[in-house]
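Okay, structure-v1.cif is below, mmCIF, C-alpha atoms and all ligand atoms:
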data_structure
loop_
_atom_site.label_atom_id
_atom_site.label_comp_id
_atom_site.auth_asym_id
_atom_site.auth_seq_id
_atom_site.Cartn_x
_atom_site.Cartn_y
_atom_site.Cartn_z
CA MET L 392 0.00 0.00 0.00
CA ALA L 393 1.20 3.45 -0.80
CA VAL L 394 2.34 5.45 2.19
CA VAL L 395 2.88 9.16 2.74
CA LEU L 396 4.60 11.20 5.42
CA ARG L 397 2.62 13.40 7.75
CA VAL L 398 4.06 15.85 10.26
CA TYR L 399 2.40 16.44 13.62
CA LYS L 400 3.36 19.49 15.65
CA PHE L 401 2.81 19.38 19.42
CA ARG L 402 3.84 21.76 22.18
CA LEU L 403 6.61 20.60 24.49
CA TYR L 404 6.80 21.56 28.17
CA PRO L 405 10.44 21.12 29.21
CA THR L 406 11.48 21.68 32.85
CA HIS L 407 13.80 24.64 33.51
CA ALA L 408 16.81 22.33 33.42
CA GLN L 409 15.65 20.68 30.20
CA GLU L 410 14.96 24.02 28.60
CA ALA L 411 18.47 25.21 29.46
CA ALA L 412 19.91 21.99 28.01
CA LEU L 413 17.88 22.38 24.82
CA GLY L 414 19.06 25.97 24.47
CA THR L 415 22.68 24.93 24.93
CA LEU L 416 22.26 22.14 22.41
CA LEU L 417 20.81 24.51 19.78
CA GLY L 418 23.70 26.90 20.43
CA ARG L 419 26.26 24.16 19.80
CA LEU L 420 24.49 22.98 16.65
CA ARG L 421 24.44 26.56 15.40
CA PHE L 422 28.15 26.86 16.11
CA PHE L 423 28.76 23.60 14.25
CA TYR L 424 26.72 24.89 11.30
CA ASN L 425 28.77 28.07 11.13
CA ALA L 426 32.05 26.15 11.41
CA ALA L 427 30.98 23.80 8.59
CA LEU L 428 29.99 26.79 6.45
CA GLN L 429 33.32 28.47 7.17
CA GLU L 430 35.16 25.32 6.11
CA ARG L 431 33.25 25.23 2.83
CA ARG L 432 34.02 28.90 2.16
CA ASP L 433 37.71 28.42 2.90
CA GLY L 434 37.77 25.29 0.78
CA TYR L 435 36.22 27.15 -2.12
CA ARG L 436 38.80 29.94 -1.89
CA GLN L 437 41.68 27.48 -1.75
CA GLY L 438 40.29 25.32 -4.53
CA VAL L 439 39.70 22.35 -2.20
CA LYS L 440 36.36 20.65 -2.63
CA VAL L 441 34.64 20.35 0.74
CA THR L 442 31.38 18.40 0.53
CA ARG L 443 28.75 17.13 2.90
CA ALA L 444 30.30 13.67 2.64
CA THR L 445 33.79 14.84 3.64
CA GLN L 446 32.32 16.84 6.51
CA GLU L 447 30.24 13.90 7.70
CA LYS L 448 33.40 11.85 7.98
CA ALA L 449 34.83 14.52 10.28
CA ILE L 450 31.97 14.14 12.78
CA THR L 451 33.59 11.16 14.49
CA VAL L 452 36.86 13.07 14.73
CA VAL L 453 35.13 16.09 16.29
CA LYS L 454 33.29 13.91 18.78
CA HIS L 455 36.55 12.34 19.97
CA ASP L 456 38.63 15.50 19.91
CA PRO L 457 39.61 16.43 23.50
CA ASP L 458 39.62 20.07 22.37
CA CYS L 459 35.89 19.87 21.54
CA PRO L 460 34.45 18.34 24.73
CA ASP L 461 31.07 19.98 24.10
CA TYR L 462 30.47 17.76 21.10
CA ALA L 463 31.29 14.39 22.65
CA GLY L 464 27.78 14.03 24.10
CA ILE L 465 25.84 15.22 21.05
CA HIS L 466 24.10 12.52 19.06
CA THR L 467 25.80 11.87 15.70
CA HIS L 468 22.47 12.18 13.89
CA LEU L 469 22.09 15.74 15.15
CA LEU L 470 25.45 16.74 13.69
CA GLN L 471 24.55 14.98 10.44
CA ASP L 472 21.28 16.92 10.49
CA VAL L 473 23.25 20.18 10.69
CA LEU L 474 25.24 19.25 7.58
CA LYS L 475 22.05 18.31 5.78
CA ARG L 476 20.60 21.75 6.55
CA LEU L 477 23.77 23.40 5.29
CA ASP L 478 23.51 21.34 2.10
CA LEU L 479 19.92 22.51 1.63
CA ALA L 480 21.06 26.12 1.93
CA PHE L 481 23.66 25.50 -0.78
CA ASP L 482 21.13 23.69 -2.97
CA ALA L 483 18.77 26.66 -2.79
CA PHE L 484 21.66 29.00 -3.55
CA PHE L 485 22.72 27.08 -6.67
CA ARG L 486 19.13 26.67 -7.81
CA ARG L 487 18.62 30.43 -7.70
CA ILE L 488 21.84 30.99 -9.66
CA LYS L 489 20.66 28.50 -12.25
CA ALA L 490 17.34 30.33 -12.48
CA GLY L 491 19.29 33.47 -13.41
CA GLY L 492 19.16 35.24 -10.06
CA THR L 493 21.90 36.77 -7.97
CA PRO L 494 21.29 35.16 -4.58
CA GLY L 495 23.39 35.83 -1.51
CA TYR L 496 25.90 33.18 -0.51
CA PRO L 497 24.61 30.99 2.38
CA ARG L 498 24.97 33.01 5.54
CA PHE L 499 26.23 32.36 9.03
CA LYS L 500 23.44 31.79 11.51
CA ARG L 501 23.12 34.42 14.18
CA ARG L 502 21.67 33.67 17.59
CA GLY L 503 17.97 33.00 17.18
CA ARG L 504 18.40 31.85 13.58
CA TYR L 505 19.09 28.21 14.28
CA GLU L 506 16.08 26.88 16.13
CA THR L 507 15.38 23.35 14.91
CA PHE L 508 16.99 19.93 15.06
CA THR L 509 15.83 16.53 13.82
CA LEU L 510 16.58 12.97 14.84
CA LYS L 511 16.15 11.05 11.62
CA ASP L 512 15.96 7.59 13.12
CA ALA L 513 13.60 8.19 16.05
CA GLY L 514 11.34 5.48 14.62
CA LYS L 515 13.92 2.95 15.76
CA GLY L 516 14.31 4.70 19.12
CA ASN L 517 17.65 6.12 17.98
CA GLY L 518 18.22 9.42 19.79
CA ALA L 519 14.54 10.07 20.46
CA ALA L 520 11.26 8.27 21.06
CA VAL L 521 7.70 8.92 22.14
CA VAL L 522 7.31 7.38 25.61
CA SER L 523 4.91 7.21 28.59
CA GLY L 524 2.02 6.37 26.31
CA GLY L 525 2.50 9.57 24.33
CA ALA L 526 2.81 11.87 27.35
CA ARG L 527 6.56 12.45 26.94
CA VAL L 528 9.30 12.39 24.35
CA ARG L 529 12.68 10.99 25.26
CA LEU L 530 15.49 13.08 23.80
CA HIS L 531 19.12 12.00 23.83
CA GLY L 532 21.07 14.06 26.34
CA ILE L 533 18.00 16.02 27.47
CA GLY L 534 15.70 13.52 29.18
CA ASN L 535 11.98 12.83 29.03
CA VAL L 536 10.16 16.01 28.06
CA LYS L 537 6.46 16.52 28.63
CA ILE L 538 4.41 16.85 25.44
CA LYS L 539 0.82 17.88 24.85
CA GLN L 540 -0.73 15.76 22.14
CA HIS L 541 -3.86 17.59 21.08
CA ARG L 542 -4.84 15.04 18.46
CA GLU L 543 -4.45 11.36 17.82
CA MET L 544 -1.53 10.29 15.68
CA GLU L 545 -1.76 7.69 12.97
CA GLY L 546 0.85 5.53 11.34
CA VAL L 547 4.44 4.68 12.13
CA LEU L 548 6.95 7.05 13.75
CA LYS L 549 9.84 8.00 11.44
CA THR L 550 11.60 11.15 12.63
CA LEU L 551 11.34 13.48 15.60
CA GLY L 552 12.34 17.10 15.53
CA VAL L 553 12.37 19.88 18.10
CA THR L 554 11.90 23.54 17.34
CA ARG L 555 11.77 26.79 19.32
CA ASP L 556 9.55 29.63 18.12
CA GLY L 557 10.00 33.39 18.51
CA ASP L 558 8.12 33.32 21.81
CA GLY L 559 10.51 30.78 23.27
CA HIS L 560 7.94 27.97 23.12
CA TRP L 561 9.17 24.50 22.26
CA TYR L 562 7.48 22.11 19.87
CA ALA L 563 7.97 18.54 18.75
CA LEU L 564 7.73 17.86 15.01
CA ILE L 565 6.77 14.23 14.68
CA THR L 566 6.89 12.70 11.21
CA ARG L 567 4.91 9.53 10.76
CA GLU L 568 4.32 7.28 7.80
CA VAL L 569 0.60 6.93 7.20
CA PRO L 570 -1.22 4.86 4.59
CA ALA L 571 -2.42 6.88 1.58
CA LYS L 572 -6.17 7.31 1.36
CA PRO L 573 -7.00 7.59 -2.32
CA LEU L 574 -10.06 9.70 -3.12
CA PRO L 575 -12.48 8.55 -5.83
CA ALA L 576 -11.59 9.90 -9.29
CA THR L 577 -13.51 12.97 -10.42
CA GLY L 578 -12.25 13.08 -13.99
CA VAL L 579 -11.51 16.78 -13.66
CA SER L 580 -8.18 18.58 -13.98
CA VAL L 581 -7.24 22.14 -13.10
CA GLY L 582 -4.51 24.76 -13.57
CA ILE L 583 -3.77 27.27 -10.82
CA ASP L 584 -2.18 30.69 -11.22
CA VAL L 585 -0.72 32.73 -8.36
CA GLY L 586 -2.60 35.96 -8.00
CA LEU L 587 -1.43 39.25 -6.63
CA THR L 588 -4.83 40.85 -6.14
CA THR L 589 -6.51 37.50 -5.55
CA PHE L 590 -4.78 34.57 -3.88
CA ALA L 591 -5.18 32.26 -6.88
CA ALA L 592 -7.10 31.86 -10.11
CA LEU L 593 -8.29 28.45 -11.31
CA SER L 594 -8.48 27.46 -14.96
CA ASP L 595 -12.22 26.84 -14.66
CA GLY L 596 -12.80 30.48 -13.84
CA GLU L 597 -12.92 30.32 -10.06
CA LEU L 598 -11.04 33.01 -8.16
CA VAL L 599 -9.79 32.30 -4.66
CA ALA L 600 -9.68 35.52 -2.63
CA ASN L 601 -6.97 36.22 -0.08
CA PRO L 602 -8.12 35.61 3.48
CA ARG L 603 -9.53 38.89 4.70
CA PRO L 604 -8.61 38.70 8.39
CA LEU L 605 -4.98 38.76 7.37
CA LYS L 606 -5.25 42.40 6.34
CA THR L 607 -6.72 43.40 9.69
CA VAL L 608 -4.09 41.44 11.56
CA ARG L 609 -1.34 43.04 9.50
CA ILE L 610 -2.32 46.45 10.82
CA ALA L 611 -1.97 45.09 14.34
CA VAL L 612 1.45 43.68 13.42
CA GLU L 613 2.60 47.04 12.10
CA ARG L 614 1.44 48.73 15.27
CA ALA L 615 3.36 46.21 17.39
CA GLN L 616 6.41 46.74 15.17
CA ARG L 617 6.34 50.50 15.74
CA LYS L 618 6.05 49.91 19.47
CA VAL L 619 9.22 47.81 19.42
CA SER L 620 11.16 50.49 17.55
CA ARG L 621 10.03 53.20 19.99
CA ARG L 622 11.28 51.27 23.05
CA LYS L 623 14.83 51.64 24.25
CA ARG L 624 17.20 48.88 23.19
CA GLY L 625 17.80 46.29 25.89
CA SER L 626 14.99 47.64 28.08
CA LYS L 627 12.38 45.45 29.76
CA ARG L 628 9.59 47.28 27.96
CA ARG L 629 11.23 46.57 24.64
CA GLY L 630 11.39 42.88 25.52
CA LYS L 631 7.69 42.96 26.29
CA ALA L 632 6.91 44.75 23.01
CA ARG L 633 8.96 42.19 21.13
CA ARG L 634 7.02 39.33 22.66
CA LEU L 635 3.78 41.03 21.63
CA LEU L 636 5.10 41.38 18.08
CA ALA L 637 6.20 37.73 17.94
CA GLY L 638 2.74 36.67 19.10
CA ARG L 639 1.05 38.70 16.38
CA HIS L 640 3.39 37.30 13.74
CA ALA L 641 2.54 33.80 14.92
CA HIS L 642 -1.14 34.65 14.62
CA VAL L 643 -0.67 35.78 11.00
CA ARG L 644 1.26 32.60 10.23
CA ASN L 645 -1.41 30.38 11.74
CA THR L 646 -4.28 32.17 10.01
CA ARG L 647 -2.51 31.86 6.68
CA LYS L 648 -1.69 28.21 7.24
CA ASP L 649 -5.30 27.36 8.10
CA PHE L 650 -6.40 29.09 4.93
CA HIS L 651 -3.85 27.13 2.88
CA HIS L 652 -5.01 23.85 4.39
CA LYS L 653 -8.65 24.64 3.73
CA THR L 654 -8.05 25.75 0.14
CA ALA L 655 -5.79 22.78 -0.63
CA ARG L 656 -8.32 20.34 0.83
CA ALA L 657 -11.09 21.73 -1.39
CA ILE L 658 -8.92 21.56 -4.52
CA VAL L 659 -7.74 18.02 -3.85
CA GLN L 660 -11.35 16.91 -3.28
CA LYS L 661 -12.44 18.31 -6.60
CA TYR L 662 -9.61 17.66 -9.07
CA ASP L 663 -7.65 14.55 -10.05
CA ARG L 664 -4.82 16.36 -11.73
CA ILE L 665 -3.56 19.72 -10.60
CA ALA L 666 -1.09 21.98 -12.41
CA VAL L 667 0.82 24.75 -10.65
CA GLU L 668 3.65 27.11 -11.49
CA ASP L 669 7.12 25.85 -10.86
CA LEU L 670 8.49 28.50 -8.53
CA ASN L 671 12.09 27.56 -9.24
CA VAL L 672 11.87 28.89 -12.75
CA ASN L 673 9.77 31.86 -11.78
CA GLY L 674 11.36 35.28 -11.71
CA LEU L 675 8.32 36.74 -9.96
CA ALA L 676 9.47 36.24 -6.40
CA ARG L 677 12.41 38.57 -6.98
CA GLY L 678 12.29 42.32 -7.12
CA MET L 679 9.26 44.52 -6.78
CA LEU L 680 6.64 41.85 -6.42
CA ALA L 681 8.57 39.94 -3.80
CA GLN L 682 6.50 41.21 -0.89
CA SER L 683 3.11 40.35 -2.36
CA VAL L 684 4.20 36.95 -3.54
CA HIS L 685 5.81 36.24 -0.22
CA ASP L 686 2.65 37.38 1.53
CA ALA L 687 0.49 35.07 -0.48
CA GLY L 688 2.73 32.31 0.84
CA TRP L 689 2.51 30.48 -2.42
CA SER L 690 5.31 28.04 -1.74
CA GLN L 691 3.80 26.97 1.57
CA PHE L 692 0.48 26.47 -0.17
CA VAL L 693 2.02 24.37 -2.91
CA ALA L 694 3.81 22.25 -0.31
CA ILE L 695 0.55 21.65 1.57
CA LEU L 696 -1.32 20.99 -1.66
CA THR L 697 1.32 18.52 -2.84
CA SER L 698 1.28 16.59 0.40
CA LYS L 699 -2.52 16.38 0.50
CA ALA L 700 -2.61 15.37 -3.17
CA GLU L 701 -0.07 12.67 -2.55
CA GLU L 702 -2.08 11.31 0.34
CA ALA L 703 -5.23 11.28 -1.79
CA GLY L 704 -3.55 9.70 -4.81
CA ARG L 705 -3.86 12.87 -6.91
CA GLU L 706 -1.30 14.21 -9.34
CA VAL L 707 0.39 17.61 -8.99
CA LYS L 708 2.43 18.84 -11.93
CA ARG L 709 4.71 21.87 -11.96
CA VAL L 710 5.23 23.82 -15.15
CA ASP L 711 7.36 26.69 -16.34
CA PRO L 712 5.03 29.69 -15.99
CA ASN L 713 7.04 31.88 -18.35
CA GLY L 714 4.68 33.83 -20.62
CA THR L 715 1.49 32.17 -19.37
CA SER L 716 -0.16 35.53 -18.74
CA GLN L 717 0.68 36.85 -22.23
CA GLU L 718 -0.48 33.87 -24.22
CA CYS L 719 -4.11 33.37 -25.32
CA SER L 720 -5.44 30.14 -23.87
CA ALA L 721 -8.04 29.88 -26.64
CA CYS L 722 -5.94 30.35 -29.78
CA GLY L 723 -2.32 30.32 -28.55
CA GLU L 724 -1.47 33.81 -29.90
CA ARG L 725 0.76 36.10 -27.86
CA VAL L 726 -1.23 39.01 -26.46
CA PRO L 727 1.23 41.29 -24.67
CA LYS L 728 -0.20 43.30 -21.77
CA ALA L 729 1.14 45.38 -18.93
CA LEU L 730 0.87 44.16 -15.37
CA GLY L 731 -1.94 46.52 -14.57
CA VAL L 732 -4.18 45.15 -17.34
CA ARG L 733 -6.49 42.77 -15.55
CA VAL L 734 -8.37 41.44 -18.57
CA HIS L 735 -7.07 39.27 -21.36
CA ARG L 736 -8.67 40.40 -24.63
CA CYS L 737 -7.60 38.49 -27.73
CA PRO L 738 -8.27 39.43 -31.38
CA CYS L 739 -9.66 35.88 -31.72
CA GLY L 740 -12.61 37.05 -29.66
CA TYR L 741 -11.67 35.39 -26.40
CA THR L 742 -11.96 37.61 -23.33
CA GLU L 743 -11.12 36.40 -19.85
CA ASP L 744 -9.79 37.48 -16.48
CA ARG L 745 -6.04 37.84 -16.84
CA ASP L 746 -5.20 35.29 -14.14
CA VAL L 747 -7.81 32.76 -15.26
CA ASN L 748 -6.34 32.89 -18.76
CA ALA L 749 -2.91 32.25 -17.25
CA ALA L 750 -4.31 29.36 -15.18
CA ARG L 751 -5.74 27.81 -18.36
CA ASN L 752 -2.31 28.04 -19.98
CA ILE L 753 -0.71 26.42 -16.95
CA HIS L 754 -3.27 23.63 -17.16
CA ASP L 755 -2.65 23.10 -20.88
CA ARG L 756 1.13 23.10 -20.51
CA ALA L 757 0.97 20.51 -17.76
CA PHE L 758 -1.46 18.21 -19.45
CA ALA L 759 -0.37 18.86 -23.04
CA VAL L 760 -3.62 20.26 -24.36
CA THR L 761 -2.76 21.48 -27.86
CA GLY L 762 -4.40 22.33 -31.18
CA LEU L 763 -7.34 19.94 -31.21
CA GLY L 764 -8.01 20.27 -27.51
CA ARG L 765 -8.03 24.04 -27.78
CA SER L 766 -10.39 24.11 -30.74
CA LEU L 767 -12.70 21.59 -29.07
CA ARG L 768 -12.74 23.78 -26.04
CA GLY L 769 -13.26 26.91 -28.06
CA GLY L 770 -13.05 30.44 -26.80
CA ALA L 771 -15.94 30.34 -24.40
CA PRO L 772 -14.74 29.87 -20.85
CA ALA L 773 -16.41 27.09 -18.91
CA ARG L 774 -17.65 28.97 -15.90
CA ASP L 775 -19.72 26.14 -14.45
CA SER L 776 -16.76 24.36 -12.99
CA GLY L 777 -18.88 21.74 -11.29
CA ASP L 778 -20.18 20.39 -14.58
CA PRO L 779 -18.11 17.39 -15.68
CA ARG L 780 -19.59 17.65 -19.20
CA SER L 781 -18.00 21.02 -19.69
CA PRO L 782 -15.58 20.61 -22.61
CA TYR L 783 -12.92 22.61 -20.90
CA LEU L 784 -12.80 20.36 -17.91
CA THR L 785 -12.76 17.06 -19.73
CA VAL L 786 -10.42 17.94 -22.57
CA GLY L 787 -6.85 17.13 -21.75
CA ARG L 788 -7.64 13.98 -19.87
ZN ZN C 801 -6.92 34.15 -28.89
#

Mind turning the file's structure into structure tokens?
Ligand SMILES: [Zn+2]
Amino acid sequence: MAVVLRVYKFRLYPTHAQEAALGTLLGRLRFFYNAALQERRDGYRQGVKVTRATQEKAITVVKHDPDCPDYAGIHTHLLQDVLKRLDLAFDAFFRRIKAGGTPGYPRFKRRGRYETFTLKDAGKGNGAAVVSGGARVRLHGIGNVKIKQHREMEGVLKTLGVTRDGDGHWYALITREVPAKPLPATGVSVGIDVGLTTFAALSDGELVANPRPLKTVRIAVERAQRKVSRRKRGSKRRGKARRLLAGRHAHVRNTRKDFHHKTARAIVQKYDRIAVEDLNVNGLARGMLAQSVHDAGWSQFVAILTSKAEEAGREVKRVDPNGTSQECSACGERVPKALGVRVHRCPCGYTEDRDVNAARNIHDRAFAVTGLGRSLRGGAPARDSGDPRSPYLTVGR
């Protein structure tokens, strides 16, 4: 049976001593990260290739080095996890270069910027385990930490991570392998375009609006931000203002995440095959539009959508979005338009919302709808998305 990974996040309640130990551990992992990054930089300058593999070999040496006593007691998997994270930072860096950007070189982690660690083999009780009937997690070198499980977990434990948020709260990230639950086929496919004014446009004409509460909350965030800047550095009142700000940021994050889950669930229910923009080839997230795109949290949404789709046995396809807003989805002609032009109006007679037209192109690129499919579909947009007889929705399958 097909299986998928699901992550559960539960609050941890460490004792004072455990909390101090966790903080110290994160500090050492951060230091190790920075040292590994430094070694890669130096290697690059001197023309010596330093890779994750060569650095992993050095872990044993570090752990037995009398000059590094702090590292002797740290689980090997945690140090391997640090190198994996560093590798991910480099991967992202090279991917952005390949996409034609000018990204910054991976940076050293300041205090407060290295807040998560993962034990990859917790499923076998290696370094971590869920104990006391789910009331505690056992962490290597820390002890048994109280956990609040607010919902039942399914499946088989794989990995266990620990993370600290901006408020200083600790959480367990528990990854479990759960059996996939395929949804019945609907015979309907869809393309989705990232919106700036709306959250997303679907190829069947549906527009998904941005969650409204977010705007209200953002005003509260800005107010809290100003409060922090007014307070004197290092003062108690500034600390208090900062905690307020962190809480409001967390609220925005949670609201957005809920919205992403809800939207993704609805889309996965309705469509068998889902096409989205491949963000790695998208130049949009850079420059002027960065803020709006970032706000819409598109990449988080796509990650949630992909994981839900996988669990439901649906297909998600990523396509190069280049030119999708300029092309006519009815006849294929290029119809150049400025960013502010919200309507696609083609000489062929096809008129459509700019983003819906782009979503239709994304759909067609993913599922190779060409000449015949386009002419079968014709210029008239299929607005009644629920109708499986609509030519637009069935063509391309
Ligand atoms: Zn046209």

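A distance cut-off of 10 Å from ligand ZN 801 (chain C), applied to only C-alpha atoms and all ligand atoms, picks out the residues Glu718, Cys719, Ser720, Ala721, Cys722, Gly723, Glu724, Arg725, Val726, His735, Arg736, Cys737, Pro738, Cys739, Gly740, Tyr741, Thr742, Gly769 and Gly770 of chain L.
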
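Distances here use only C-alpha atoms; by that measure, the residue among L:Gln429, L:Ser594, L:Thr607, L:Ser580 closest to Arg705 in chain L is L:Ser580.
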
Counting all atoms listed in the file, which residues of range 428-506 of chain L fall within 10 Å of range 540-558 of chain L, and what is the closest atom pair for each with its distance in Å at one decimal, ordered by chain and rising number, as a Markdown table?
| residue | atom | partner | partner_atom | distance |
| --- | --- | --- | --- | --- |
| L:Leu469 | CA | L:Gly552 | CA | 9.9 |
| L:Gly503 | CA | L:Gly557 | CA | 8.1 |
| L:Arg504 | CA | L:Gly557 | CA | 9.9 |
| L:Tyr505 | CA | L:Arg555 | CA | 9.0 |
| L:Glu506 | CA | L:Arg555 | CA | 5.4 |

Atomic separation - CA of Leu670 in chain L relative to CA of Gln717 in chain L, Å: 17.8 Å

Straight-line distance linking CA of Lys699 in chain L with CA of Val659 in chain L, stated in Å to one decimal: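 The value is 7.0 Å.
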
Close residues, His531 in chain L itself excluded, 8 Å, all atoms listed in the file, min 2 positions apart in chain, as a list in words: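 Near His531 in chain L, the qualifying residues are Ile465, His466, Gly518, Ala519, Arg529, Ile533 and Gly534 of chain L.
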
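Between Lys454 in chain L and the residues L:His642, L:His468, L:Arg436, L:Arg501, the shortest atom-to-atom distance, using all atoms listed in the file, involves L:His468.
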
Thr442 in chain L environment, 9 Å, only C-alpha atoms, sequence neighbours closer than 4 positions dropped, as a count of residues only: 4

Spatial neighbours of range 457-461 of chain L, 10 Å, only C-alpha atoms, chain gap at least 3 places, as a count of residues only: 8

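Going from CA of His651 in chain L to CA of Leu696 in chain L covers 8.0 Å.
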
Padded axis-aligned box of range 530-548 of chain L (6 Å per side), centre and edge lengths, Å, one decimal, as lines of an AutoDock Vina configuration file:
center_x = 8.1
center_y = 11.3
center_z = 20.3
size_x = 37.9
size_y = 25.2
size_z = 29.8

Residue contacts of Asp482 in chain L (12 Å, all atoms listed in the file) excluding same-chain residues fewer than 4 positions away, as a list of chain:residue names: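 Residues meeting the cut-off are L:Arg443, L:Lys475, L:Arg476, L:Leu477, L:Asp478, L:Arg486, L:Arg487, L:Ile488, L:Lys489, L:Pro494, L:Tyr496, L:Pro497, L:Asn671.
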
Residue nearest His560 in chain L - candidates L:Arg644, L:Lys627, L:Lys661, L:Arg402, atoms counted: only C-alpha atoms: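 Among L:Arg644, L:Lys627, L:Lys661, L:Arg402, it is L:Arg402 that comes nearest to His560 in chain L.
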
Counting all atoms listed in the file, the option among L:Ala750, L:Val608, L:Ala513, L:Ala757 closest to Thr566 in chain L: L:Ala513

Among the residues L:Val747, L:Leu636, L:Ala427, L:Leu510, the one that comes closest to Glu597 in chain L [using all atoms listed in the file]: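 Among the listed residues, L:Val747 lies closest to Glu597 in chain L.
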